[in-house]
Each structure stands twice: as C-alpha cells, then as structure tokens.
>>> print(open('run.cif').read())   # mmCIF, C-alpha atoms (C1' of nucleotides)
data_coords
#
loop_
_atom_site.label_atom_id
_atom_site.label_comp_id
_atom_site.auth_asym_id
_atom_site.auth_seq_id
_atom_site.Cartn_x
_atom_site.Cartn_y
_atom_site.Cartn_z
CA MET A 1 117.17 33.71 130.67
CA ARG A 2 115.78 36.93 132.08
CA ILE A 3 116.33 40.41 130.79
CA GLY A 4 119.16 41.37 133.13
CA GLU A 5 121.16 38.29 132.24
CA LEU A 6 120.73 38.76 128.50
CA ALA A 7 121.69 42.41 128.77
CA GLU A 8 124.84 41.53 130.64
CA LYS A 9 125.81 38.79 128.19
CA ALA A 10 125.42 41.19 125.30
CA GLY A 11 127.09 44.07 127.05
CA THR A 12 124.07 46.30 126.97
CA THR A 13 121.29 47.41 129.31
CA THR A 14 117.82 46.22 130.18
CA ARG A 15 116.46 49.56 129.01
CA THR A 16 117.91 48.94 125.58
CA LEU A 17 116.33 45.50 125.35
CA ARG A 18 112.93 46.88 126.32
CA TYR A 19 113.41 49.57 123.73
CA TYR A 20 114.18 47.01 121.03
CA GLU A 21 111.09 45.08 122.03
CA SER A 22 108.98 48.24 121.87
CA ARG A 23 110.25 48.66 118.30
CA GLY A 24 109.20 45.10 117.53
CA LEU A 25 112.77 44.14 116.88
CA LEU A 26 113.35 41.69 119.67
CA PRO A 27 110.05 40.45 121.13
CA ALA A 28 110.24 38.25 124.20
CA ARG A 29 108.20 35.36 125.50
CA ARG A 30 106.87 35.79 129.00
CA SER A 31 107.20 33.41 131.88
CA GLY A 32 104.42 32.83 134.40
CA ASN A 33 105.18 35.85 136.54
CA GLY A 34 105.23 38.21 133.57
CA TYR A 35 109.01 38.39 133.34
CA ARG A 36 110.55 38.42 129.88
CA ALA A 37 112.11 35.07 128.95
CA TYR A 38 114.91 34.84 126.38
CA GLY A 39 116.79 31.96 124.81
CA GLU A 40 120.21 31.54 123.26
CA GLU A 41 118.74 32.42 119.88
CA ASP A 42 117.82 35.85 121.20
CA LEU A 43 121.41 36.37 122.21
CA ARG A 44 122.47 35.72 118.62
CA LEU A 45 119.91 38.18 117.29
CA LEU A 46 120.99 40.74 119.84
CA ARG A 47 124.64 40.36 118.95
CA GLN A 48 123.77 40.90 115.31
CA ILE A 49 121.93 44.09 116.20
CA ARG A 50 124.76 45.41 118.32
CA LEU A 51 127.35 44.67 115.65
CA LEU A 52 125.46 46.71 113.09
CA GLN A 53 124.75 49.44 115.60
CA ASP A 54 128.47 49.68 116.23
CA PHE A 55 128.88 50.24 112.51
CA GLY A 56 126.52 53.18 112.85
CA PHE A 57 123.52 51.47 111.28
CA GLU A 58 120.20 52.80 112.38
CA LEU A 59 118.01 50.42 114.30
CA GLU A 60 115.59 50.03 111.41
CA ASP A 61 118.43 48.95 109.16
CA THR A 62 119.18 46.01 111.39
CA ARG A 63 115.68 44.59 111.00
CA PRO A 64 116.31 42.62 107.78
CA PHE A 65 119.32 40.97 109.39
CA VAL A 66 117.36 40.00 112.46
CA GLU A 67 114.48 38.65 110.42
CA CYS A 68 116.92 36.75 108.27
CA LEU A 69 118.40 35.05 111.30
CA ARG A 70 114.98 34.38 112.75
CA ALA A 71 113.96 32.76 109.47
CA GLY A 72 116.60 30.15 110.13
CA HIS A 73 119.33 31.32 107.81
CA PRO A 74 122.91 30.69 108.90
CA ALA A 75 123.85 34.37 109.01
CA GLY A 76 122.03 37.65 109.28
CA ASP A 77 123.32 38.67 105.88
CA SER A 78 122.27 35.50 104.09
CA CYS A 79 119.22 37.26 102.71
CA PRO A 80 118.94 39.64 99.76
CA ALA A 81 117.28 42.33 101.86
CA SER A 82 120.31 42.41 104.14
CA LEU A 83 122.65 42.69 101.17
CA GLU A 84 120.61 45.61 99.92
CA VAL A 85 121.08 47.32 103.27
CA TYR A 86 124.82 46.72 103.02
CA ARG A 87 124.87 48.25 99.57
CA SER A 88 122.86 51.33 100.42
CA LYS A 89 124.93 51.82 103.55
CA LEU A 90 128.09 51.63 101.50
CA ALA A 91 126.75 54.23 99.11
CA GLU A 92 125.72 56.42 102.02
CA LEU A 93 129.11 56.06 103.64
CA ASP A 94 130.81 57.00 100.41
CA ARG A 95 128.68 60.09 100.01
CA CYS A 96 129.30 61.02 103.60
CA ILE A 97 133.04 60.55 103.37
CA ALA A 98 133.23 62.53 100.14
CA ARG A 99 131.24 65.36 101.68
CA LEU A 100 133.41 65.42 104.79
CA GLN A 101 136.56 65.34 102.71
CA GLU A 102 135.30 68.28 100.73
CA VAL A 103 134.53 70.24 103.87
CA ARG A 104 137.88 69.27 105.32
CA ASP A 105 139.67 70.67 102.31
CA GLN A 106 137.70 73.89 102.38
CA VAL A 107 138.26 74.41 106.09
CA GLY A 108 141.93 73.60 105.61
CA ALA A 109 142.16 76.22 102.89
CA GLN A 110 140.41 78.78 105.06
CA LEU A 111 142.81 78.08 107.89
CA ALA A 112 145.84 78.38 105.66
CA ARG A 113 144.63 81.66 104.23
CA ALA A 114 143.73 83.08 107.63
CA GLU A 115 147.09 82.09 109.07
CA LEU A 116 148.84 83.80 106.21
CA GLU A 117 146.84 86.95 106.71
CA ALA A 118 147.46 86.90 110.43
CA GLN A 119 151.15 86.47 109.75
CA ALA A 120 151.13 89.41 107.35
CA ALA A 121 149.24 91.62 109.76
CA ARG A 122 151.46 90.96 112.73
CA PRO A 123 153.71 93.98 113.33
CA GLY A 124 157.33 92.89 113.26
CA GLY A 125 156.29 89.89 111.23
CA PRO A 126 157.51 89.39 107.68
CA GLN A 127 156.68 92.50 105.73
CA PRO A 128 155.43 92.21 102.18
CA ARG A 129 158.79 92.03 100.47
CA CYS A 130 159.48 92.51 96.80
CA GLU A 131 161.71 89.87 95.26
CA LEU A 132 163.19 92.57 93.10
CA SER A 133 163.64 95.09 95.83
CA ALA A 134 162.38 98.60 95.22
CA HIS A 135 165.09 99.88 97.56
CA PRO A 136 168.23 97.82 96.92
CA ASN A 137 170.17 99.70 99.62
CA GLU A 138 168.00 98.19 102.39
CA THR A 139 169.80 94.95 103.22
CA GLU A 140 167.89 91.96 104.65
CA GLY A 141 170.21 91.48 107.60
CA ASN A 142 168.27 92.87 110.57
CA MET B 143 115.89 96.29 108.41
CA ARG B 144 113.31 94.05 110.06
CA ILE B 145 113.63 90.38 110.79
CA GLY B 146 111.82 89.11 107.71
CA GLU B 147 113.96 91.13 105.36
CA LEU B 148 117.20 90.03 107.00
CA ALA B 149 116.10 86.42 106.94
CA GLU B 150 115.31 86.63 103.25
CA LYS B 151 118.60 88.34 102.40
CA ALA B 152 120.51 85.65 104.20
CA GLY B 153 118.41 82.83 102.85
CA THR B 154 117.18 81.68 106.22
CA THR B 155 114.06 82.03 108.37
CA THR B 156 112.84 84.39 111.03
CA ARG B 157 112.64 81.49 113.41
CA THR B 158 116.33 80.88 112.94
CA LEU B 159 117.20 84.50 113.66
CA ARG B 160 115.15 84.50 116.83
CA TYR B 161 116.89 81.31 117.82
CA TYR B 162 120.31 82.87 117.28
CA GLU B 163 119.25 85.82 119.37
CA SER B 164 118.03 83.53 122.13
CA ARG B 165 121.51 81.99 122.13
CA GLY B 166 123.04 85.44 122.45
CA LEU B 167 124.72 85.04 119.08
CA LEU B 168 122.94 87.74 117.14
CA PRO B 169 121.22 90.23 119.46
CA ALA B 170 119.04 92.88 117.85
CA ARG B 171 118.22 96.46 118.62
CA ARG B 172 114.56 97.24 118.92
CA SER B 173 112.65 99.95 117.16
CA GLY B 174 109.86 101.90 118.87
CA ASN B 175 107.17 99.33 118.26
CA GLY B 176 109.25 96.48 119.67
CA TYR B 177 110.23 95.07 116.29
CA ARG B 178 113.80 93.81 115.91
CA ALA B 179 115.97 96.22 113.92
CA TYR B 180 119.03 95.00 112.07
CA GLY B 181 121.75 96.76 110.07
CA GLU B 182 124.06 95.75 107.28
CA GLU B 183 126.64 94.66 109.82
CA ASP B 184 124.21 92.07 111.14
CA LEU B 185 123.89 90.67 107.66
CA ARG B 186 127.67 90.16 107.56
CA LEU B 187 127.62 88.40 110.92
CA LEU B 188 124.74 86.26 109.80
CA ARG B 189 126.45 85.28 106.58
CA GLN B 190 129.50 84.24 108.58
CA ILE B 191 127.34 82.07 110.81
CA ARG B 192 125.59 80.43 107.88
CA LEU B 193 128.84 79.72 106.10
CA LEU B 194 130.22 77.87 109.09
CA GLN B 195 126.92 76.11 109.68
CA ASP B 196 127.05 74.87 106.11
CA PHE B 197 130.44 73.40 106.94
CA GLY B 198 128.75 71.51 109.74
CA PHE B 199 130.08 73.67 112.56
CA GLU B 200 127.94 73.71 115.66
CA LEU B 201 126.40 77.04 116.53
CA GLU B 202 128.68 77.52 119.52
CA ASP B 203 131.71 77.12 117.28
CA THR B 204 130.65 80.10 115.22
CA ARG B 205 130.69 82.40 118.22
CA PRO B 206 134.40 83.31 118.10
CA PHE B 207 134.02 84.27 114.44
CA VAL B 208 131.03 86.46 115.13
CA GLU B 209 132.71 88.16 118.07
CA CYS B 210 135.80 88.68 115.97
CA LEU B 211 133.80 90.46 113.31
CA ARG B 212 131.90 92.45 115.88
CA ALA B 213 135.22 93.55 117.39
CA GLY B 214 135.94 95.27 114.12
CA HIS B 215 138.34 92.82 112.55
CA PRO B 216 138.28 92.54 108.78
CA ALA B 217 137.28 88.88 108.75
CA GLY B 218 135.67 86.45 111.18
CA ASP B 219 138.81 84.36 111.19
CA SER B 220 141.20 87.23 111.91
CA CYS B 221 141.32 86.24 115.56
CA PRO B 222 143.31 83.45 117.25
CA ALA B 223 140.21 81.96 118.83
CA SER B 224 138.70 81.44 115.39
CA LEU B 225 141.87 79.80 114.14
CA GLU B 226 141.74 77.44 117.09
CA VAL B 227 138.22 76.45 116.10
CA TYR B 228 139.41 75.81 112.56
CA ARG B 229 142.18 73.59 113.87
CA SER B 230 140.06 71.56 116.23
CA LYS B 231 137.43 71.17 113.52
CA LEU B 232 140.07 69.91 111.13
CA ALA B 233 141.23 67.37 113.68
CA GLU B 234 137.65 66.33 114.33
CA LEU B 235 136.96 65.97 110.62
CA ASP B 236 140.04 63.84 110.19
CA ARG B 237 139.03 61.55 113.03
CA CYS B 238 135.54 61.33 111.64
CA ILE B 239 136.68 60.56 108.12
CA ALA B 240 139.11 57.92 109.34
CA ARG B 241 136.40 56.27 111.40
CA LEU B 242 133.95 56.28 108.51
CA GLN B 243 136.56 54.91 106.15
CA GLU B 244 137.25 52.11 108.59
CA VAL B 245 133.57 51.27 108.84
CA ARG B 246 133.22 51.51 105.08
CA ASP B 247 135.96 48.96 104.60
CA GLN B 248 134.47 46.59 107.13
CA VAL B 249 131.01 46.83 105.65
CA GLY B 250 132.47 46.37 102.19
CA ALA B 251 134.24 43.24 103.35
CA GLN B 252 131.05 41.90 104.93
CA LEU B 253 129.16 42.52 101.72
CA ALA B 254 131.79 40.81 99.59
CA ARG B 255 131.83 37.79 101.86
CA ALA B 256 128.05 37.56 102.05
CA GLU B 257 127.74 37.83 98.28
CA LEU B 258 130.21 35.04 97.84
CA GLU B 259 128.36 32.84 100.27
CA ALA B 260 125.05 33.61 98.60
CA GLN B 261 126.61 32.76 95.26
CA ALA B 262 127.91 29.48 96.60
CA ALA B 263 124.61 28.55 98.17
CA ARG B 264 122.52 29.26 95.08
CA PRO B 265 121.52 25.94 93.49
CA GLY B 266 122.63 25.91 89.88
CA GLY B 267 125.18 28.56 90.71
CA PRO B 268 128.88 27.87 90.36
CA GLN B 269 129.71 24.86 92.48
CA PRO B 270 132.86 24.84 94.60
CA ARG B 271 135.24 23.76 91.90
CA CYS B 272 138.76 22.45 92.42
CA GLU B 273 141.36 24.04 90.20
CA LEU B 274 142.93 20.63 89.95
CA SER B 275 139.74 18.85 89.22
CA ALA B 276 138.87 15.79 91.25
CA HIS B 277 136.97 14.50 88.25
CA PRO B 278 138.99 15.37 85.14
CA ASN B 279 136.34 13.90 82.86
CA GLU B 280 133.89 16.68 83.71
CA THR B 281 134.65 19.33 81.11
CA GLU B 282 133.97 23.01 81.83
CA GLY B 283 131.96 23.68 78.67
CA ASN B 284 128.39 23.73 79.95
"C1'" DG C 285 87.35 100.51 109.88
"C1'" DC C 286 88.81 96.47 108.03
"C1'" DT C 287 91.62 93.10 105.78
"C1'" DG C 288 96.14 91.32 105.10
"C1'" DG C 289 100.74 91.06 106.11
"C1'" DC C 290 104.11 91.98 108.95
"C1'" DC C 291 105.72 91.52 113.87
"C1'" DT C 292 105.81 89.80 119.12
"C1'" DT C 293 106.39 85.99 122.91
"C1'" DG C 294 105.54 81.30 124.45
"C1'" DA C 295 105.26 76.67 124.04
"C1'" DC C 296 105.22 72.12 122.10
"C1'" DG C 297 107.14 68.77 118.41
"C1'" DC C 298 110.75 66.25 116.14
"C1'" DC C 299 114.48 62.79 115.64
"C1'" DG C 300 117.34 58.31 117.76
"C1'" DG C 301 118.64 55.69 121.19
"C1'" DG C 302 118.13 55.12 124.94
"C1'" DG C 303 118.94 57.27 130.61
"C1'" DT C 304 116.65 57.82 134.63
"C1'" DC C 305 113.19 58.13 137.90
"C1'" DA C 306 108.63 56.40 140.14
"C1'" DA C 307 105.62 53.13 142.08
"C1'" DG C 308 104.79 48.76 142.53
"C1'" DG C 309 105.05 43.15 142.04
"C1'" DT C 310 108.11 38.65 142.71
"C1'" DT C 311 111.41 35.82 144.28
"C1'" DT C 312 115.36 34.52 147.04
"C1'" DA C 313 118.25 34.49 151.15
"C1'" DC C 314 118.81 34.93 155.78
"C1'" DG D 315 109.20 38.25 158.12
"C1'" DT D 316 111.87 41.20 155.95
"C1'" DA D 317 115.51 43.08 153.23
"C1'" DA D 318 117.81 42.80 148.79
"C1'" DA D 319 117.83 42.12 144.21
"C1'" DC D 320 115.39 41.19 140.62
"C1'" DC D 321 111.38 42.32 137.50
"C1'" DT D 322 107.09 45.20 135.52
"C1'" DT D 323 104.87 49.52 133.04
"C1'" DG D 324 104.72 54.42 132.40
"C1'" DA D 325 106.51 58.71 131.86
"C1'" DC D 326 109.61 62.45 131.41
"C1'" DC D 327 114.57 64.07 129.91
"C1'" DC D 328 118.48 64.73 126.72
"C1'" DC D 329 120.77 66.82 122.48
"C1'" DG D 330 120.71 70.69 118.24
"C1'" DG D 331 118.52 73.42 115.38
"C1'" DC D 332 115.12 74.80 114.39
"C1'" DG D 333 109.44 73.95 112.44
"C1'" DT D 334 105.06 75.01 113.59
"C1'" DC D 335 101.21 76.49 115.90
"C1'" DA D 336 98.61 79.99 119.12
"C1'" DA D 337 97.13 84.35 120.58
"C1'" DG D 338 97.72 88.79 120.11
"C1'" DG D 339 100.00 93.77 118.61
"C1'" DC D 340 101.21 97.14 114.67
"C1'" DC D 341 100.83 99.20 110.34
"C1'" DA D 342 99.66 99.93 105.31
"C1'" DG D 343 96.30 100.43 101.78
"C1'" DC D 344 91.56 100.75 100.34
#
>>> encode(input="run.cif", output="structure tokens")
Amino acid sequence: MRIGELAEKAGTTTRTLRYYESRGLLPARRSGNGYRAYGEEDLRLLRQIRLLQDFGFELEDTRPFVECLRAGHPAGDSCPASLEVYRSKLAELDRCIARLQEVRDQVGAQLARAELEAQAARPGGPQPRCELSAHPNETEGN
Amino acid sequence: MRIGELAEKAGTTTRTLRYYESRGLLPARRSGNGYRAYGEEDLRLLRQIRLLQDFGFELEDTRPFVECLRAGHPAGDSCPASLEVYRSKLAELDRCIARLQEVRDQVGAQLARAELEAQAARPGGPQPRCELSAHPNETEGN
DNA sequence: GCTGGCCTTGACGCCGGGGTCAAGGTTTAC
DNA sequence: GTAAACCTTGACCCCGGCGTCAAGGCCAGC
C-alpha cells in the first residue's frame, strides 16, 4: 500500500503521514523506487493514533499506544505505559474542566452584574425603588 | 509614567505593552525623547485587559472593554458590545466544557475497560469465575 | 566622561499539527 | 511519446502571545 492509499483509508492526508514518520511514530518501509510501503498493520497503528488525536491527545501521548500495538499486544492500551497516559490525561481533563467551570462562573457573575447595572442606568428603566416608599403618595401605576 | 513602571505596576512586561500597542489596543503618547508616556488611565485599561486575559479571553475580545473605558464609561463592561462578548464567551465556555466532559467520560471508560482486561490477562490474577461455579468443589478460600 | 540602567525599533524563535508550494522522479494509460 | 496521476525531499507559512536577542539612543550619578 502506498502513502496516498493509506491516507485515504484512514481519512487523513499524505502530509500527515509524512509528519508522523518524521516524528518517528509511523516509519515506513520503502519499495524499490523509493516510495513508502505500508501494510495492514500500519493502518491499525494509524487508526489508533487518529482515535487518540480526536480525543485531543498530543502526538507524543499516542506513542506508548503505538508501541504497544507494534509489540504485538491485542490493543494499544494493553500496556501499563498506555494506562498511565490514560490516567494522566484524565487528571489533566479534570483540572481543565474545573478551571473552565470556574471561569465560566466568574464570567457569568460579571455578566449578571453588568446587566443589572446597565438596567439601572437606563433612563426610563426601573428606578431604584424603596420597598417602604419614602413618598407613599407616588403610586406605582404609570 | 514610562513603560517599565507601567509594566511593573500591572505585573506584566514591557514586551507585552509594546505588543498591545502594536495591536492598537493600548497606544501611548510619546515624551520628548521618544519614550512612551502613560497615565493612570492607561493602568486602568491595562488592568482590564489583564483581567480578561486571565479568563482566557483572546486579545481581540478585550477591545470592546478597553474602548468602553476609554469612552468614559465607569466600567469596561458598561457597553453593549462588551456584554455581547461576555455572552459569546459564556456560550463558548459551555461548548468547551461539554466537549471536554464528553471526552473525559470516553477516556474514563477506555481506562476502566483496559484495566479490566489487564486484570483478566494477568497470570495468577482473578480468573474468569462463574457465579454459579462450573466446578462446585473448588472452594473460594485461597 | 563613563558606567549602568533605562528606553527605542526590528527581527527571529517558539509551540503543534500539519497546509501548501516547488522542483523533480516514476509509473500507467492512451 | 506524452500527459496524468502518483510519488519524493525540502522549505516556508499559519496561529497567539509574547520571549529574547541585537544594535543603538538617552539620562542619572559619580
């Protein structure tokens, strides 16, 4: 299988495959004319990489999975190193989510406050009204 | 106030201030010798920028806030354009959090499955045991 | 007048994951 | 024999938000 075919089967580009090879992640044999030659096994490795990439894993983090597969294990996550990556990614995701949630709440609070202030400042908008009116003769109606 | 002093007061660097100026976000007057000259007002603008940056806002998103302050409004978020930025940021944060949560759950599931499989594959580890034992004479105790 | 500490502009580097030429070799189909 | 569709390496570009030099100007204190 040549590079274009593998790229198409995996739904990626030839540039990406060359990039992976340059990173030492997916080396290729060469056929007589210098073209890269891939097998079905490479397609499996590539699919593993893409799956993790879709999760937002960095390329380096996929390496243990690829090496695990290449070592003959049934799945990319059959090796302890891969499990460690899972775990640290989980921790990272949790930290990231917590941080974003915190920011979300703060921004939400800012928005609420700013909207209130804008409301108060708008002429004709609701005036600051005392519950126990200072001037009982001013009715609310209009 | 010169650039170094302003940077220090705002807890940032001169490089950053020059960058903001290059983006048209925080232009500076010049004193006779060509040095940038800032006032207290610039410090307020800068603090507003840094606050939003700390929230993870992109620099461009801080522009409405800065212009709002510069227009004389009491706060950077006193203007509708700023409120719109708040709202779109909130929506973006929500999408981001939801996506991360989804990934987190998937990765968590992968980890759980892989750990189970590793457990099962470990020789001497717990063998696949039928609840209704196929060999009732094998007791559980050791 | 000289050293040290400020300031100026300009330009390149970084990071990740490739996109997009450029200039050329190979193979296949007509 | 020639055009089309592959393939090769090499190199620069992108994004955001600066960090980090380089080469030189300005000013204070001694």
>>> interface_residues(input="run.cif", of="chain C", to="chain B", cutoff="9 Å", atoms="all atoms listed in the file", output="ChimeraX atom specification")
/C:290-292
>>> resolve_selection(input="run.cif", expression="the PyMOL selection byres ((chain D and resi 321) around 8)", output="PyMOL selection string")
(chain A and resi 35) or (chain C and resi 309-310) or (chain D and resi 320+322)
>>> interface_residues(input="run.cif", of="chain B", to="chain D", cutoff="8 Å", atoms="all atoms listed in the file", output="PyMOL selection string")
chain B and resi 157-158+161+175
>>> closest_atom_pairs(input="run.cif", of="chain B", to="chain A", cutoff="10 Å", atoms="only C-alpha atoms", output="Markdown table")
| residue | atom | partner | partner_atom | distance |
| --- | --- | --- | --- | --- |
| B:Leu194 | CA | A:Val107 | CA | 9.3 |
| B:Asp196 | CA | A:Val103 | CA | 9.1 |
| B:Phe197 | CA | A:Val103 | CA | 6.0 |
| B:Gly198 | CA | A:Val103 | CA | 8.3 |
| B:Ala217 | CA | A:Ala114 | CA | 8.7 |
| B:Gly218 | CA | A:Ala114 | CA | 9.4 |
| B:Asp219 | CA | A:Ala114 | CA | 6.2 |
| B:Ser220 | CA | A:Ala118 | CA | 6.4 |
| B:Cys221 | CA | A:Ala118 | CA | 8.0 |
| B:Pro222 | CA | A:Ala118 | CA | 8.7 |
| B:Ser224 | CA | A:Leu111 | CA | 9.2 |
| B:Leu225 | CA | A:Leu111 | CA | 6.6 |
| B:Glu226 | CA | A:Leu111 | CA | 9.3 |
| B:Val227 | CA | A:Leu111 | CA | 9.5 |
| B:Tyr228 | CA | A:Leu111 | CA | 6.2 |
| B:Arg229 | CA | A:Leu111 | CA | 7.5 |
| B:Lys231 | CA | A:Val107 | CA | 8.1 |
| B:Leu232 | CA | A:Arg104 | CA | 6.2 |
| B:Ala233 | CA | A:Arg104 | CA | 9.2 |
| B:Glu234 | CA | A:Arg104 | CA | 9.5 |
| B:Leu235 | CA | A:Arg104 | CA | 6.3 |
| B:Asp236 | CA | A:Arg104 | CA | 7.6 |
| B:Cys238 | CA | A:Leu100 | CA | 8.3 |
| B:Ile239 | CA | A:Ile97 | CA | 6.0 |
| B:Ala240 | CA | A:Ile97 | CA | 8.9 |
| B:Arg241 | CA | A:Ile97 | CA | 9.7 |
| B:Leu242 | CA | A:Ile97 | CA | 6.7 |
| B:Gln243 | CA | A:Ile97 | CA | 7.2 |
| B:Glu244 | CA | A:Phe55 | CA | 9.4 |
| B:Val245 | CA | A:Phe55 | CA | 6.0 |
| B:Arg246 | CA | A:Leu90 | CA | 6.3 |
| B:Asp247 | CA | A:Leu90 | CA | 8.9 |
| B:Gln248 | CA | A:Phe55 | CA | 8.6 |
| B:Val249 | CA | A:Tyr86 | CA | 6.7 |
| B:Gly250 | CA | A:Leu90 | CA | 6.9 |
| B:Gln252 | CA | A:Tyr86 | CA | 8.1 |
| B:Leu253 | CA | A:Tyr86 | CA | 6.2 |
| B:Ala254 | CA | A:Leu83 | CA | 9.5 |
| B:Arg255 | CA | A:Asp77 | CA | 9.5 |
| B:Ala256 | CA | A:Asp77 | CA | 6.2 |
| B:Glu257 | CA | A:Leu83 | CA | 7.6 |
| B:Glu259 | CA | A:Ser78 | CA | 7.7 |
| B:Ala260 | CA | A:Ser78 | CA | 6.4 |
| B:Ala263 | CA | A:Ser78 | CA | 9.4 |
>>> calpha_fit_and_write(input="run.cif", fixed="chain B", moving="chain A", output="compact mmCIF listing (two decimals) with C-alpha atoms, in the frame of the given file")
# COMPACT_ATOMS: atom_id res chain seq x y z
CA MET A 1 115.94 96.61 108.70
CA ARG A 2 113.35 94.36 110.30
CA ILE A 3 113.62 90.68 110.94
CA GLY A 4 111.78 89.50 107.84
CA GLU A 5 113.97 91.55 105.55
CA LEU A 6 117.21 90.38 107.15
CA ALA A 7 116.06 86.77 106.99
CA GLU A 8 115.28 87.09 103.32
CA LYS A 9 118.60 88.78 102.52
CA ALA A 10 120.47 86.00 104.26
CA GLY A 11 118.34 83.24 102.84
CA THR A 12 117.08 82.05 106.16
CA THR A 13 113.96 82.38 108.31
CA THR A 14 112.76 84.71 111.02
CA ARG A 15 112.54 81.74 113.37
CA THR A 16 116.22 81.09 112.89
CA LEU A 17 117.13 84.69 113.66
CA ARG A 18 115.07 84.64 116.85
CA TYR A 19 116.77 81.41 117.75
CA TYR A 20 120.21 82.93 117.26
CA GLU A 21 119.19 85.86 119.41
CA SER A 22 117.92 83.51 122.12
CA ARG A 23 121.39 81.92 122.08
CA GLY A 24 122.95 85.35 122.48
CA LEU A 25 124.62 85.04 119.14
CA LEU A 26 122.90 87.79 117.24
CA PRO A 27 121.20 90.25 119.61
CA ALA A 28 119.06 92.94 118.04
CA ARG A 29 118.28 96.52 118.92
CA ARG A 30 114.61 97.33 119.23
CA SER A 31 112.73 100.11 117.55
CA GLY A 32 109.96 102.05 119.27
CA ASN A 33 107.22 99.53 118.62
CA GLY A 34 109.28 96.63 119.96
CA TYR A 35 110.26 95.30 116.55
CA ARG A 36 113.80 94.01 116.14
CA ALA A 37 116.02 96.44 114.21
CA TYR A 38 119.08 95.23 112.31
CA GLY A 39 121.82 96.98 110.37
CA GLU A 40 124.14 96.00 107.55
CA GLU A 41 126.68 94.84 110.10
CA ASP A 42 124.22 92.24 111.33
CA LEU A 43 123.91 90.93 107.82
CA ARG A 44 127.67 90.39 107.73
CA LEU A 45 127.60 88.55 111.05
CA LEU A 46 124.70 86.45 109.87
CA ARG A 47 126.44 85.52 106.65
CA GLN A 48 129.46 84.43 108.64
CA ILE A 49 127.27 82.23 110.81
CA ARG A 50 125.52 80.66 107.85
CA LEU A 51 128.79 79.96 106.05
CA LEU A 52 130.14 78.03 109.01
CA GLN A 53 126.83 76.30 109.55
CA ASP A 54 126.99 75.12 105.96
CA PHE A 55 130.36 73.62 106.79
CA GLY A 56 128.64 71.67 109.54
CA PHE A 57 129.95 73.77 112.41
CA GLU A 58 127.81 73.77 115.47
CA LEU A 59 126.26 77.07 116.42
CA GLU A 60 128.53 77.48 119.42
CA ASP A 61 131.57 77.12 117.20
CA THR A 62 130.55 80.14 115.20
CA ARG A 63 130.58 82.40 118.25
CA PRO A 64 134.30 83.29 118.16
CA PHE A 65 133.96 84.30 114.53
CA VAL A 66 130.98 86.49 115.24
CA GLU A 67 132.65 88.12 118.21
CA CYS A 68 135.75 88.66 116.15
CA LEU A 69 133.78 90.51 113.51
CA ARG A 70 131.89 92.47 116.12
CA ALA A 71 135.19 93.51 117.66
CA GLY A 72 135.95 95.31 114.43
CA HIS A 73 138.34 92.88 112.83
CA PRO A 74 138.31 92.66 109.04
CA ALA A 75 137.30 89.00 108.95
CA GLY A 76 135.66 86.56 111.30
CA ASP A 77 138.79 84.44 111.32
CA SER A 78 141.18 87.27 112.11
CA CYS A 79 141.26 86.22 115.74
CA PRO A 80 143.21 83.41 117.39
CA ALA A 81 140.09 81.90 118.92
CA SER A 82 138.61 81.46 115.46
CA LEU A 83 141.80 79.82 114.21
CA GLU A 84 141.63 77.42 117.12
CA VAL A 85 138.11 76.48 116.09
CA TYR A 86 139.34 75.87 112.55
CA ARG A 87 142.09 73.64 113.85
CA SER A 88 139.93 71.58 116.16
CA LYS A 89 137.33 71.24 113.43
CA LEU A 90 139.98 70.01 111.05
CA ALA A 91 141.12 67.44 113.57
CA GLU A 92 137.53 66.39 114.17
CA LEU A 93 136.88 66.10 110.46
CA ASP A 94 139.96 63.97 110.03
CA ARG A 95 138.94 61.64 112.82
CA CYS A 96 135.46 61.43 111.40
CA ILE A 97 136.63 60.71 107.88
CA ALA A 98 139.07 58.07 109.09
CA ARG A 99 136.35 56.39 111.12
CA LEU A 100 133.93 56.42 108.21
CA GLN A 101 136.57 55.08 105.87
CA GLU A 102 137.24 52.27 108.27
CA VAL A 103 133.57 51.41 108.51
CA ARG A 104 133.25 51.66 104.75
CA ASP A 105 136.01 49.13 104.28
CA GLN A 106 134.54 46.74 106.81
CA VAL A 107 131.06 46.96 105.32
CA GLY A 108 132.56 46.52 101.87
CA ALA A 109 134.34 43.39 103.03
CA GLN A 110 131.17 42.04 104.59
CA LEU A 111 129.28 42.63 101.38
CA ALA A 112 131.92 40.95 99.28
CA ARG A 113 131.99 37.93 101.55
CA ALA A 114 128.21 37.67 101.71
CA GLU A 115 127.91 37.93 97.95
CA LEU A 116 130.43 35.16 97.53
CA GLU A 117 128.58 32.95 99.95
CA ALA A 118 125.28 33.68 98.28
CA GLN A 119 126.85 32.83 94.95
CA ALA A 120 128.18 29.55 96.32
CA ALA A 121 124.86 28.62 97.87
CA ARG A 122 122.79 29.27 94.79
CA PRO A 123 121.82 25.95 93.19
CA GLY A 124 123.00 25.87 89.60
CA GLY A 125 125.56 28.49 90.50
CA PRO A 126 129.28 27.77 90.29
CA GLN A 127 129.96 24.68 92.32
CA PRO A 128 133.07 24.49 94.45
CA ARG A 129 135.45 23.27 91.79
CA CYS A 130 138.86 21.77 92.32
CA GLU A 131 141.57 23.20 90.11
CA LEU A 132 143.09 19.76 89.97
CA SER A 133 139.89 17.93 89.31
CA ALA A 134 139.12 14.90 91.44
CA HIS A 135 137.15 13.46 88.52
CA PRO A 136 139.06 14.30 85.33
CA ASN A 137 136.41 12.61 83.16
CA GLU A 138 133.82 15.29 84.03
CA THR A 139 134.42 17.96 81.39
CA GLU A 140 133.58 21.62 82.09
CA GLY A 141 131.50 22.07 78.96
CA ASN A 142 127.90 22.04 80.21
>>> residues_around(input="run.cif", residues="Leu25 in chain A", least_positions_apart="2", cutoff="10 Å", atoms="only C-alpha atoms (C1' of nucleotides)", output="list in words")
Leu17, Arg18, Tyr19, Tyr20, Glu21, Ser22, Arg23, Pro27, Ala28, Leu45, Leu46, Ile49, Leu59, Glu60, Thr62, Arg63, Pro64, Val66 and Glu67 of chain A
